[in-house]
>>> print(open('entry_8.csv').read())   # CSV, C-alpha atoms
chain,number,residue,atom,x,y,z
A,1,MET,CA,0.0,0.0,0.0
A,2,GLY,CA,1.1,3.6,0.3
A,3,MET,CA,4.2,4.8,2.1
A,4,GLU,CA,2.2,7.1,4.3
A,5,THR,CA,1.9,5.3,7.6
A,6,GLU,CA,1.6,8.3,9.9
A,7,SER,CA,-2.1,8.0,10.3
A,8,GLN,CA,-2.0,4.3,11.2
A,9,PHE,CA,-0.6,2.5,14.2
A,10,HIS,CA,2.2,0.1,13.6
A,11,VAL,CA,2.3,-3.0,15.8
A,12,LEU,CA,5.1,-5.4,16.1
A,13,ALA,CA,3.8,-8.9,16.9
A,14,VAL,CA,6.0,-11.6,18.2
A,15,ASP,CA,5.1,-15.3,18.4
A,16,ASP,CA,7.0,-18.5,17.6
A,17,SER,CA,3.8,-20.3,16.3
A,18,LEU,CA,3.0,-19.6,12.7
A,19,PHE,CA,-0.6,-20.3,13.4
A,20,ASP,CA,-0.7,-17.7,16.2
A,21,ARG,CA,1.1,-15.2,14.1
A,22,LYS,CA,-1.5,-15.5,11.4
A,23,MET,CA,-4.2,-15.0,13.9
A,24,ILE,CA,-2.8,-12.0,15.6
A,25,GLU,CA,-1.9,-10.4,12.3
A,26,ARG,CA,-5.5,-10.7,11.1
A,27,LEU,CA,-6.8,-9.4,14.4
A,28,LEU,CA,-4.6,-6.4,14.2
A,29,GLN,CA,-5.3,-5.7,10.5
A,30,LYS,CA,-9.0,-5.9,11.3
A,31,SER,CA,-8.4,-3.3,14.0
A,32,SER,CA,-6.9,-1.0,11.4
A,33,CYS,CA,-3.3,-1.5,12.5
A,34,GLN,CA,-0.3,-2.0,10.3
A,35,VAL,CA,1.4,-5.2,11.4
A,36,THR,CA,4.9,-6.7,11.3
A,37,THR,CA,5.2,-10.2,12.6
A,38,VAL,CA,8.4,-11.9,13.8
A,39,ASP,CA,8.9,-15.4,15.2
A,40,SER,CA,11.3,-14.6,18.1
A,41,GLY,CA,12.3,-12.1,20.7
A,42,SER,CA,15.7,-11.6,19.2
A,43,LYS,CA,14.2,-10.9,15.8
A,44,ALA,CA,11.9,-8.4,17.4
A,45,LEU,CA,14.9,-6.6,18.9
A,46,GLU,CA,16.7,-6.7,15.6
A,47,PHE,CA,13.7,-5.2,13.9
A,48,LEU,CA,13.6,-2.4,16.4
A,49,GLY,CA,17.2,-1.7,15.7
A,50,LEU,CA,18.7,-3.0,18.9
A,51,ARG,CA,21.7,-5.0,18.2
A,52,VAL,CA,22.1,-8.1,20.4
A,53,ASP,CA,25.7,-8.7,21.2
A,54,ASP,CA,26.7,-12.2,20.1
A,55,GLU,CA,29.2,-12.6,22.9
A,56,ASP,CA,26.9,-11.4,25.7
A,57,PRO,CA,23.2,-11.5,25.0
A,58,ASN,CA,22.7,-9.2,28.0
A,59,VAL,CA,24.5,-6.4,26.3
A,60,LEU,CA,22.2,-4.4,24.0
A,61,SER,CA,23.3,-1.5,22.0
A,62,THR,CA,21.6,0.5,19.3
A,63,SER,CA,23.1,-0.7,16.1
A,64,PRO,CA,25.1,1.9,14.4
A,65,HIS,CA,24.2,0.5,11.0
A,66,ILE,CA,20.4,0.5,11.4
A,67,HIS,CA,18.8,3.8,11.5
A,68,GLN,CA,15.4,3.3,13.1
A,69,GLU,CA,13.1,4.4,10.4
A,70,VAL,CA,10.1,2.3,11.4
A,71,GLU,CA,8.0,3.8,14.2
A,72,ILE,CA,6.5,1.1,16.3
A,73,ASN,CA,3.5,2.1,18.4
A,74,LEU,CA,3.1,-1.2,20.3
A,75,ILE,CA,4.7,-4.5,20.8
A,76,ILE,CA,2.5,-7.6,21.4
A,77,THR,CA,4.3,-10.7,22.3
A,78,ASP,CA,3.6,-14.3,23.3
A,79,TYR,CA,4.9,-15.3,26.7
A,80,CYS,CA,6.1,-18.8,26.0
A,81,MET,CA,8.7,-18.8,23.4
A,82,PRO,CA,11.9,-20.8,23.1
A,83,GLY,CA,15.1,-18.8,23.8
A,84,MET,CA,13.9,-15.3,24.7
A,85,THR,CA,10.5,-15.4,26.4
A,86,GLY,CA,8.0,-12.6,26.1
A,87,TYR,CA,9.0,-11.6,29.6
A,88,ASP,CA,12.7,-11.4,28.6
A,89,LEU,CA,11.7,-9.3,25.6
A,90,LEU,CA,9.6,-7.0,27.8
A,91,LYS,CA,12.6,-6.5,30.1
A,92,LYS,CA,15.0,-5.7,27.3
A,93,VAL,CA,12.6,-3.2,25.8
A,94,LYS,CA,12.0,-1.5,29.1
A,95,GLU,CA,15.7,-1.4,29.9
A,96,SER,CA,16.5,0.3,26.6
A,97,ALA,CA,16.6,4.1,26.7
A,98,ALA,CA,15.5,4.3,23.1
A,99,PHE,CA,12.5,2.0,23.3
A,100,LYS,CA,11.2,1.9,26.8
A,101,SER,CA,8.3,4.2,25.9
A,102,ILE,CA,6.9,1.6,23.5
A,103,PRO,CA,3.9,-0.1,25.2
A,104,VAL,CA,4.3,-3.9,25.5
A,105,VAL,CA,1.4,-6.3,25.7
A,106,ILE,CA,1.9,-10.0,26.7
A,107,MET,CA,-0.3,-12.9,25.5
A,108,SER,CA,-0.4,-16.3,27.0
A,109,SER,CA,-2.6,-19.4,26.6
A,110,GLU,CA,-2.0,-20.1,30.3
A,111,ASN,CA,-3.7,-18.4,33.2
A,112,VAL,CA,-0.9,-18.1,35.8
A,113,PRO,CA,-1.6,-15.1,38.1
A,114,ALA,CA,2.0,-14.9,39.3
A,115,ARG,CA,3.1,-14.7,35.7
A,116,ILE,CA,0.6,-12.0,35.0
A,117,SER,CA,1.5,-9.8,37.9
A,118,ARG,CA,5.2,-10.2,37.2
A,119,CYS,CA,4.7,-9.0,33.6
A,120,LEU,CA,2.5,-6.0,34.7
A,121,GLU,CA,5.1,-5.1,37.3
A,122,GLU,CA,7.8,-5.2,34.7
A,123,GLY,CA,5.9,-2.6,32.7
A,124,ALA,CA,3.6,-4.5,30.4
A,125,GLU,CA,0.5,-2.5,29.7
A,126,GLU,CA,-1.9,-5.4,29.3
A,127,PHE,CA,-1.9,-9.2,29.6
A,128,PHE,CA,-4.2,-11.0,27.2
A,129,LEU,CA,-5.3,-14.6,27.6
A,130,LYS,CA,-5.3,-16.5,24.3
A,131,PRO,CA,-7.4,-16.8,22.2
A,132,VAL,CA,-7.2,-13.1,21.8
A,133,LYS,CA,-10.4,-11.6,20.6
A,134,LEU,CA,-11.2,-8.5,18.5
A,135,ALA,CA,-12.7,-6.8,21.6
A,136,ASP,CA,-9.4,-7.2,23.5
A,137,LEU,CA,-7.6,-5.2,20.9
A,138,THR,CA,-9.8,-2.1,21.5
A,139,LYS,CA,-7.9,-1.8,24.8
A,140,LEU,CA,-4.7,-1.1,22.9
A,141,LYS,CA,-5.7,2.2,21.3
A,142,PRO,CA,-5.2,4.4,24.4
A,143,HIS,CA,-1.7,3.0,24.9
A,144,MET,CA,-0.8,3.5,21.2
A,145,MET,CA,-2.2,7.0,21.2
A,146,LYS,CA,0.1,8.0,24.1
A,147,THR,CA,3.2,7.3,22.2
A,148,LYS,CA,1.9,8.9,19.0
A,149,LEU,CA,1.0,12.1,20.7
A,150,LYS,CA,4.3,12.1,22.5
A,151,LYS,CA,6.2,11.7,19.2
A,152,GLU,CA,4.2,14.3,17.5
A,153,SER,CA,4.7,16.8,20.3
A,154,GLU,CA,8.4,16.2,20.3
A,155,LYS,CA,8.4,16.7,16.5
A,156,SER,CA,6.6,20.0,16.6
A,157,ALA,CA,8.8,21.1,19.5
A,158,LYS,CA,11.8,20.7,17.2
A,159,GLU,CA,10.1,22.4,14.2
A,160,GLU,CA,8.5,25.4,15.7
A,161,GLU,CA,8.8,27.3,19.0
A,162,SER,CA,5.6,29.4,18.7
A,163,GLU,CA,2.8,26.9,19.0
A,164,VAL,CA,0.5,27.6,22.0
A,165,SER,CA,-1.0,24.1,22.2
A,166,LYS,CA,2.4,22.4,22.3
A,167,PRO,CA,3.3,23.1,25.9
A,168,GLU,CA,-0.2,22.0,26.9
A,169,ILE,CA,0.4,18.6,25.3
A,170,GLU,CA,3.7,18.2,26.9
A,171,GLU,CA,2.3,19.1,30.3
A,172,GLU,CA,-0.5,16.6,29.8
A,173,GLU,CA,2.1,13.9,28.9
A,174,ALA,CA,4.0,14.6,32.1
A,175,VAL,CA,0.8,14.5,34.1
A,176,ILE,CA,-0.1,11.2,32.6
A,177,GLU,CA,3.2,9.6,33.4
A,178,ILE,CA,3.7,11.0,36.9
A,179,LEU,CA,0.6,12.3,38.6
A,180,PRO,CA,-2.5,11.2,36.8
A,181,LEU,CA,-4.7,11.3,39.8
A,182,HIS,CA,-3.8,14.8,41.0
A,183,GLN,CA,-4.8,16.7,37.9
A,184,GLU,CA,-8.1,17.7,36.4
A,185,LEU,CA,-9.4,14.7,34.5
A,186,GLU,CA,-9.5,15.3,30.8
A,187,SER,CA,-10.4,12.7,28.3
A,188,GLU,CA,-6.8,11.7,27.6
A,189,GLN,CA,-6.1,11.1,31.3
A,190,LEU,CA,-9.4,9.4,31.8
A,191,GLU,CA,-8.5,7.0,29.1
A,192,THR,CA,-5.2,6.3,30.9
A,193,ILE,CA,-7.0,5.7,34.2
A,194,VAL,CA,-9.6,3.6,32.5
A,195,SER,CA,-7.0,1.5,30.9
A,196,SER,CA,-5.2,1.0,34.2
A,197,SER,CA,-8.4,-0.2,35.8
A,198,ASN,CA,-8.9,-2.4,32.7
A,199,LYS,CA,-5.5,-3.9,33.5
A,200,ARG,CA,-6.7,-4.8,36.9
A,201,LYS,CA,-10.0,-5.9,35.4
A,202,ALA,CA,-8.0,-8.1,33.0
A,203,MET,CA,-6.4,-9.7,35.9
A,204,GLU,CA,-9.7,-10.3,37.6
A,205,GLU,CA,-11.3,-11.6,34.5
A,206,VAL,CA,-8.4,-13.9,34.0
A,207,ILE,CA,-8.8,-15.3,37.4
A,208,SER,CA,-12.6,-15.7,37.4
A,209,THR,CA,-14.4,-18.1,35.1
A,210,ASP,CA,-15.5,-16.4,31.9
A,211,ARG,CA,-19.1,-17.2,31.2
A,212,SER,CA,-18.5,-17.9,27.5
A,213,ARG,CA,-16.0,-20.6,28.2
A,214,PRO,CA,-17.2,-24.2,28.5
A,215,LYS,CA,-17.4,-25.6,31.9
A,216,TYR,CA,-14.5,-28.0,31.8
A,217,ASN,CA,-12.0,-25.4,30.6
A,218,ASP,CA,-9.0,-25.5,32.9
A,219,ILE,CA,-8.9,-21.7,33.1
A,220,THR,CA,-9.3,-21.7,36.9
A,221,THR,CA,-6.0,-21.1,38.5
A,222,SER,CA,-3.1,-23.4,38.1
A,223,VAL,CA,0.1,-22.7,39.8
B,224,MET,CA,-29.8,-14.9,-9.3
B,225,ASN,CA,-32.4,-17.4,-8.3
B,226,THR,CA,-33.5,-16.0,-5.0
B,227,ILE,CA,-35.4,-19.2,-4.1
B,228,VAL,CA,-32.3,-21.3,-4.5
B,229,VAL,CA,-30.2,-18.8,-2.6
B,230,GLY,CA,-32.7,-18.7,0.2
B,231,GLN,CA,-32.7,-22.4,0.5
B,232,LEU,CA,-29.0,-22.7,0.5
B,233,GLN,CA,-28.7,-20.0,3.1
B,234,ARG,CA,-31.2,-21.8,5.3
B,235,GLN,CA,-29.3,-25.0,4.9
B,236,PHE,CA,-26.1,-23.2,5.8
B,237,GLN,CA,-27.6,-21.6,8.8
B,238,ASP,CA,-29.1,-24.9,10.1
B,239,TYR,CA,-25.8,-26.8,9.5
B,240,ILE,CA,-23.6,-24.3,11.3
B,241,VAL,CA,-26.1,-24.1,14.2
B,242,SER,CA,-26.1,-27.9,14.5
B,243,LEU,CA,-22.3,-27.9,14.7
B,244,TYR,CA,-22.4,-25.5,17.6
B,245,GLN,CA,-25.2,-27.4,19.3
B,246,GLN,CA,-23.4,-30.7,18.9
B,247,GLY,CA,-20.3,-29.2,20.5
B,248,TYR,CA,-18.0,-29.3,17.5
B,249,LEU,CA,-17.6,-25.6,17.5
B,250,ASP,CA,-17.7,-22.9,20.2
B,251,ASN,CA,-17.9,-19.2,20.3
B,252,GLN,CA,-14.3,-18.8,19.2
B,253,PHE,CA,-15.3,-20.0,15.7
B,254,THR,CA,-17.8,-17.0,15.6
B,255,GLU,CA,-14.9,-14.7,16.5
B,256,LEU,CA,-12.9,-16.3,13.7
B,257,ARG,CA,-15.6,-15.6,11.2
B,258,LYS,CA,-15.6,-11.9,12.3
B,259,LEU,CA,-12.1,-11.6,11.0
B,260,GLN,CA,-13.1,-12.6,7.4
B,261,ASP,CA,-14.1,-9.8,5.1
B,262,GLU,CA,-13.8,-8.7,1.4
B,263,GLY,CA,-10.1,-8.1,2.0
B,264,SER,CA,-9.5,-11.5,3.5
B,265,PRO,CA,-12.4,-13.6,2.0
B,266,ASP,CA,-10.7,-17.0,2.7
B,267,PHE,CA,-9.3,-16.3,6.1
B,268,VAL,CA,-11.4,-18.9,7.9
B,269,ALA,CA,-10.6,-21.6,5.4
B,270,GLU,CA,-6.9,-20.8,5.5
B,271,VAL,CA,-6.6,-20.8,9.3
B,272,VAL,CA,-8.7,-24.0,9.6
B,273,SER,CA,-6.5,-25.7,7.0
B,274,LEU,CA,-3.4,-24.6,8.9
B,275,PHE,CA,-4.9,-26.0,12.0
B,276,PHE,CA,-5.7,-29.4,10.4
B,277,ASP,CA,-2.2,-29.6,9.0
B,278,ASP,CA,-0.8,-28.9,12.4
B,279,CYS,CA,-3.0,-31.6,13.9
B,280,ALA,CA,-1.8,-34.2,11.5
B,281,LYS,CA,1.9,-33.4,12.0
B,282,VAL,CA,1.7,-33.1,15.8
B,283,ILE,CA,-0.3,-36.3,16.2
B,284,ASN,CA,2.2,-38.1,14.1
B,285,ASP,CA,5.1,-36.8,16.2
B,286,MET,CA,3.3,-37.7,19.4
B,287,SER,CA,2.6,-41.2,18.1
B,288,THR,CA,6.3,-41.7,17.6
B,289,SER,CA,7.1,-40.5,21.1
B,290,LEU,CA,4.5,-42.8,22.6
B,291,GLU,CA,5.4,-45.8,20.6
B,292,ARG,CA,7.9,-47.7,22.8
B,293,PRO,CA,6.5,-48.4,26.3
B,294,ASP,CA,9.9,-48.3,27.9
B,295,HIS,CA,11.0,-45.1,26.2
B,296,VAL,CA,8.2,-42.5,26.2
B,297,ASP,CA,9.2,-38.9,25.6
B,298,PHE,CA,6.5,-37.3,27.7
B,299,LYS,CA,8.1,-33.9,27.4
B,300,GLN,CA,7.6,-34.0,23.6
B,301,VAL,CA,4.0,-35.3,24.0
B,302,ASP,CA,3.3,-32.5,26.5
B,303,SER,CA,4.6,-29.9,24.1
B,304,GLY,CA,2.4,-31.4,21.3
B,305,VAL,CA,-0.7,-31.3,23.5
B,306,HIS,CA,0.0,-27.8,24.5
B,307,GLN,CA,0.3,-26.7,20.8
B,308,LEU,CA,-2.9,-28.5,19.8
B,309,LYS,CA,-4.8,-27.2,22.8
B,310,GLY,CA,-3.7,-23.7,21.9
B,311,SER,CA,-4.6,-23.9,18.2
B,312,SER,CA,-7.9,-25.8,18.7
B,313,SER,CA,-8.9,-23.2,21.3
B,314,SER,CA,-8.1,-20.3,18.8
B,315,VAL,CA,-10.1,-21.9,16.1
B,316,GLY,CA,-13.1,-22.8,18.2
B,317,ALA,CA,-12.6,-26.6,17.8
B,318,ARG,CA,-14.3,-27.4,21.0
B,319,ARG,CA,-14.2,-31.2,21.0
B,320,VAL,CA,-10.6,-31.3,19.9
B,321,LYS,CA,-9.7,-28.9,22.7
B,322,ASN,CA,-11.6,-30.9,25.3
B,323,VAL,CA,-9.7,-34.0,24.4
B,324,CYS,CA,-6.4,-32.0,24.7
B,325,ILE,CA,-7.4,-31.1,28.3
B,326,ALA,CA,-7.8,-34.8,29.2
B,327,PHE,CA,-4.7,-35.6,27.2
B,328,LYS,CA,-2.7,-33.2,29.2
B,329,GLU,CA,-3.8,-34.8,32.4
B,330,CYS,CA,-2.6,-38.2,31.3
B,331,CYS,CA,0.7,-36.7,30.2
B,332,ASP,CA,1.1,-35.0,33.6
B,333,VAL,CA,0.9,-38.3,35.4
B,334,GLN,CA,2.9,-40.1,32.7
B,335,ASN,CA,0.0,-42.5,31.9
B,336,ARG,CA,1.1,-43.9,28.6
B,337,GLU,CA,-2.1,-46.0,28.1
B,338,GLY,CA,-4.2,-42.9,28.8
B,339,CYS,CA,-2.1,-40.9,26.4
B,340,LEU,CA,-2.6,-43.5,23.6
B,341,ARG,CA,-6.4,-43.4,24.1
B,342,CYS,CA,-6.4,-39.6,24.0
B,343,LEU,CA,-4.2,-39.6,20.9
B,344,GLN,CA,-6.6,-41.9,19.1
B,345,GLN,CA,-9.5,-39.6,20.2
B,346,VAL,CA,-7.9,-36.4,19.1
B,347,ASP,CA,-7.1,-38.0,15.8
B,348,TYR,CA,-10.7,-39.0,15.4
B,349,GLU,CA,-12.1,-35.6,16.5
B,350,TYR,CA,-9.9,-33.5,14.2
B,351,LYS,CA,-10.8,-35.6,11.2
B,352,MET,CA,-14.4,-35.5,12.0
B,353,LEU,CA,-14.3,-31.7,12.3
B,354,LYS,CA,-12.4,-31.5,9.1
B,355,THR,CA,-15.2,-33.3,7.2
B,356,LYS,CA,-17.9,-31.2,8.8
B,357,LEU,CA,-16.1,-27.9,8.0
B,358,GLN,CA,-15.5,-29.1,4.5
B,359,ASP,CA,-19.3,-29.6,4.1
B,360,LEU,CA,-19.8,-26.1,5.6
B,361,PHE,CA,-17.3,-24.5,3.2
B,362,ASN,CA,-18.9,-26.3,0.2
B,363,LEU,CA,-22.3,-24.8,1.2
B,364,GLU,CA,-20.7,-21.4,1.4
B,365,GLN,CA,-19.3,-21.8,-2.1
B,366,GLN,CA,-22.7,-22.9,-3.4
B,367,ILE,CA,-24.3,-19.8,-2.0
B,368,LEU,CA,-21.6,-17.5,-3.5
B,369,GLN,CA,-21.9,-19.2,-6.9
B,370,ALA,CA,-25.6,-18.8,-6.8
B,371,GLY,CA,-25.0,-15.1,-6.3
B,372,GLY,CA,-26.0,-14.9,-2.6
B,373,THR,CA,-24.2,-13.8,0.5
B,374,ILE,CA,-23.1,-15.9,3.4
B,375,PRO,CA,-25.4,-15.4,6.5
B,376,GLN,CA,-23.8,-14.1,9.7
B,377,VAL,CA,-24.8,-16.5,12.4
B,378,SER,CA,-24.6,-15.4,15.9
B,379,MET,CA,-24.9,-17.9,18.7
B,380,ASN,CA,-26.0,-16.7,22.1
>>> encode(input="entry_8.csv", output="structure tokens")
Amino acid sequence: MGMETESQFHVLAVDDSLFDRKMIERLLQKSSCQVTTVDSGSKALEFLGLRVDDEDPNVLSTSPHIHQEVEINLIITDYCMPGMTGYDLLKKVKESAAFKSIPVVIMSSENVPARISRCLEEGAEEFFLKPVKLADLTKLKPHMMKTKLKKESEKSAKEEESEVSKPEIEEEEAVIEILPLHQELESEQLETIVSSSNKRKAMEEVISTDRSRPKYNDITTSV
Amino acid sequence: MNTIVVGQLQRQFQDYIVSLYQQGYLDNQFTELRKLQDEGSPDFVAEVVSLFFDDCAKVINDMSTSLERPDHVDFKQVDSGVHQLKGSSSSVGARRVKNVCIAFKECCDVQNREGCLRCLQQVDYEYKMLKTKLQDLFNLEQQILQAGGTIPQVSMN
């Protein structure tokens, strides 16, 4: 299609299963997102432009050869993958100065509360139980909007100094990140709070039995 | 377009798919899958389902090999296969297949080879059965389209 991608969100989807990649790709396309799929955490990092040191996989540096042209608005990854798990990938993204602002969502076919809280604590925005549904993906928009607005406000800060709206946006951004509860609730901030309570809700939903699931599903907690 | 023929085919389709849900071959996730199909991806369901059946055949074959020798069972491999099938059957809405996988996992967890072999046989039967049923469903879809009609959206509540 066209080269113009600024109006669309671009999601990087990571899953070692071809089947699951096909599913998540279609789900995201149906939600009007541009999608890139990769089959491993290390390929995801490569795509982002983070070079994984062959000697020491714990050392990450921004590759001097790859100029990060592709703007990723969200990373959605499977938890259980050989080699680098989704959790490992999450950690590496959040530890990287360049990419820690990219929201990360974890998917898993297993309902393990300890796993879920560990991921959320590490900075994952959401934790989705597979099979992921179209309705789940609507939760992603607020997270992706945050990074897009941030990038756009940074861009206009560089281009012009005289915009009145610009400082307001930056202030809002700071408020969202640091003190969301102490400011006047505007729609953007509301969305953030709603999405954090959705996060908690996702945890609760995950623990309780979903009415649409058949009765002998083993979704009730397994440790 | 012969509207009478189309109407009949559409009713047939509707009845057939409803029966598949009622008999437990399919669950709500299949409905979710159908939502992902549109003019841009008109064969999505057929493609995904085909991928799923190919996976089933391969994984079942691998598990069969792992379970073959009574003194030398690779339960780790079997567990991994069951996990894969449970995941994909769940994503596709293949309810019966998924339920067998749940029982299969339990046998695997306690290293019950006999139980595993029974489940293996059952999962093989169920996926093949579903394959035939869905083939009939897709054929009906094709007939509707060829007769100039549209495929009904069926919502199960």
>>> residues_around(input="entry_8.csv", residues="Leu140 in chain A", least_positions_apart="6", cutoff="10 Å", atoms="all atoms listed in the file", output="ChimeraX atom specification")
/A:31,73-74,76,103-105,125-126,195
>>> write_last_selection(input="entry_8.csv", atoms="C-alpha atoms", output="compact mmCIF listing (two decimals), in the coordinates of the input")
# COMPACT_ATOMS: atom_id res chain seq x y z
CA SER A 31 -8.40 -3.30 14.00
CA ASN A 73 3.50 2.10 18.40
CA LEU A 74 3.10 -1.20 20.30
CA ILE A 76 2.50 -7.60 21.40
CA PRO A 103 3.90 -0.10 25.20
CA VAL A 104 4.30 -3.90 25.50
CA VAL A 105 1.40 -6.30 25.70
CA GLU A 125 0.50 -2.50 29.70
CA GLU A 126 -1.90 -5.40 29.30
CA SER A 195 -7.00 1.50 30.90
>>> interface_residues(input="entry_8.csv", of="chain A", to="chain B", cutoff="7 Å", atoms="all atoms listed in the file", output="PDB file with C-alpha atoms, in the frame of the given file")
ATOM      1  CA  PHE A  19      -0.600 -20.300  13.400  1.00  0.00           C
ATOM      2  CA  ARG A  26      -5.500 -10.700  11.100  1.00  0.00           C
ATOM      3  CA  LEU A  27      -6.800  -9.400  14.400  1.00  0.00           C
ATOM      4  CA  LYS A  30      -9.000  -5.900  11.300  1.00  0.00           C
ATOM      5  CA  SER A 109      -2.600 -19.400  26.600  1.00  0.00           C
ATOM      6  CA  PRO A 131      -7.400 -16.800  22.200  1.00  0.00           C
ATOM      7  CA  LYS A 133     -10.400 -11.600  20.600  1.00  0.00           C
TER       8      LYS A 133
END
>>> residues_around(input="entry_8.csv", residues="Leu308 in chain B", least_positions_apart="4", cutoff="7 Å", atoms="only C-alpha atoms", output="list in words")
Cys279, Gly304, Ser312 and Cys324 of chain B
>>> closest_residue(input="entry_8.csv", among="B:Ser287, B:Thr355, B:Gln366, B:Ser303", to="Cys342 in chain B", atoms="only C-alpha atoms")
B:Ser287
>>> residues_around(input="entry_8.csv", residues="Lys43 in chain A", least_positions_apart="4", cutoff="12 Å", atoms="all atoms listed in the file", output="PDB file with C-alpha atoms, keeping the file's coordinate frame")
ATOM      1  CA  LEU A  12       5.100  -5.400  16.100  1.00  0.00           C
ATOM      2  CA  ALA A  13       3.800  -8.900  16.900  1.00  0.00           C
ATOM      3  CA  VAL A  14       6.000 -11.600  18.200  1.00  0.00           C
ATOM      4  CA  ASP A  15       5.100 -15.300  18.400  1.00  0.00           C
ATOM      5  CA  ASP A  16       7.000 -18.500  17.600  1.00  0.00           C
ATOM      6  CA  THR A  36       4.900  -6.700  11.300  1.00  0.00           C
ATOM      7  CA  THR A  37       5.200 -10.200  12.600  1.00  0.00           C
ATOM      8  CA  VAL A  38       8.400 -11.900  13.800  1.00  0.00           C
ATOM      9  CA  ASP A  39       8.900 -15.400  15.200  1.00  0.00           C
ATOM     10  CA  PHE A  47      13.700  -5.200  13.900  1.00  0.00           C
ATOM     11  CA  LEU A  48      13.600  -2.400  16.400  1.00  0.00           C
ATOM     12  CA  GLY A  49      17.200  -1.700  15.700  1.00  0.00           C
ATOM     13  CA  LEU A  50      18.700  -3.000  18.900  1.00  0.00           C
ATOM     14  CA  ARG A  51      21.700  -5.000  18.200  1.00  0.00           C
ATOM     15  CA  VAL A  52      22.100  -8.100  20.400  1.00  0.00           C
ATOM     16  CA  THR A  77       4.300 -10.700  22.300  1.00  0.00           C
ATOM     17  CA  GLY A  83      15.100 -18.800  23.800  1.00  0.00           C
ATOM     18  CA  MET A  84      13.900 -15.300  24.700  1.00  0.00           C
ATOM     19  CA  LEU A  89      11.700  -9.300  25.600  1.00  0.00           C
TER      20      LEU A  89
END
>>> atom_distance(input="entry_8.csv", atom1="CA of Lys148 in chain A", atom2="CA of Phe9 in chain A")
8.4 Å
>>> closest_residue(input="entry_8.csv", among="B:Arg257, B:Arg319, B:Arg341, B:Tyr350", to="Gln245 in chain B", atoms="all atoms listed in the file")
B:Arg319
>>> residues_around(input="entry_8.csv", residues="Leu343 in chain B", least_positions_apart="4", cutoff="9 Å", atoms="all atoms listed in the file", output="CSV table (one decimal) with C-alpha atoms, keeping the file's coordinate frame")
chain,number,residue,atom,x,y,z
B,283,ILE,CA,-0.3,-36.3,16.2
B,286,MET,CA,3.3,-37.7,19.4
B,287,SER,CA,2.6,-41.2,18.1
B,323,VAL,CA,-9.7,-34.0,24.4
B,324,CYS,CA,-6.4,-32.0,24.7
B,327,PHE,CA,-4.7,-35.6,27.2
B,338,GLY,CA,-4.2,-42.9,28.8
B,339,CYS,CA,-2.1,-40.9,26.4
B,347,ASP,CA,-7.1,-38.0,15.8
B,348,TYR,CA,-10.7,-39.0,15.4
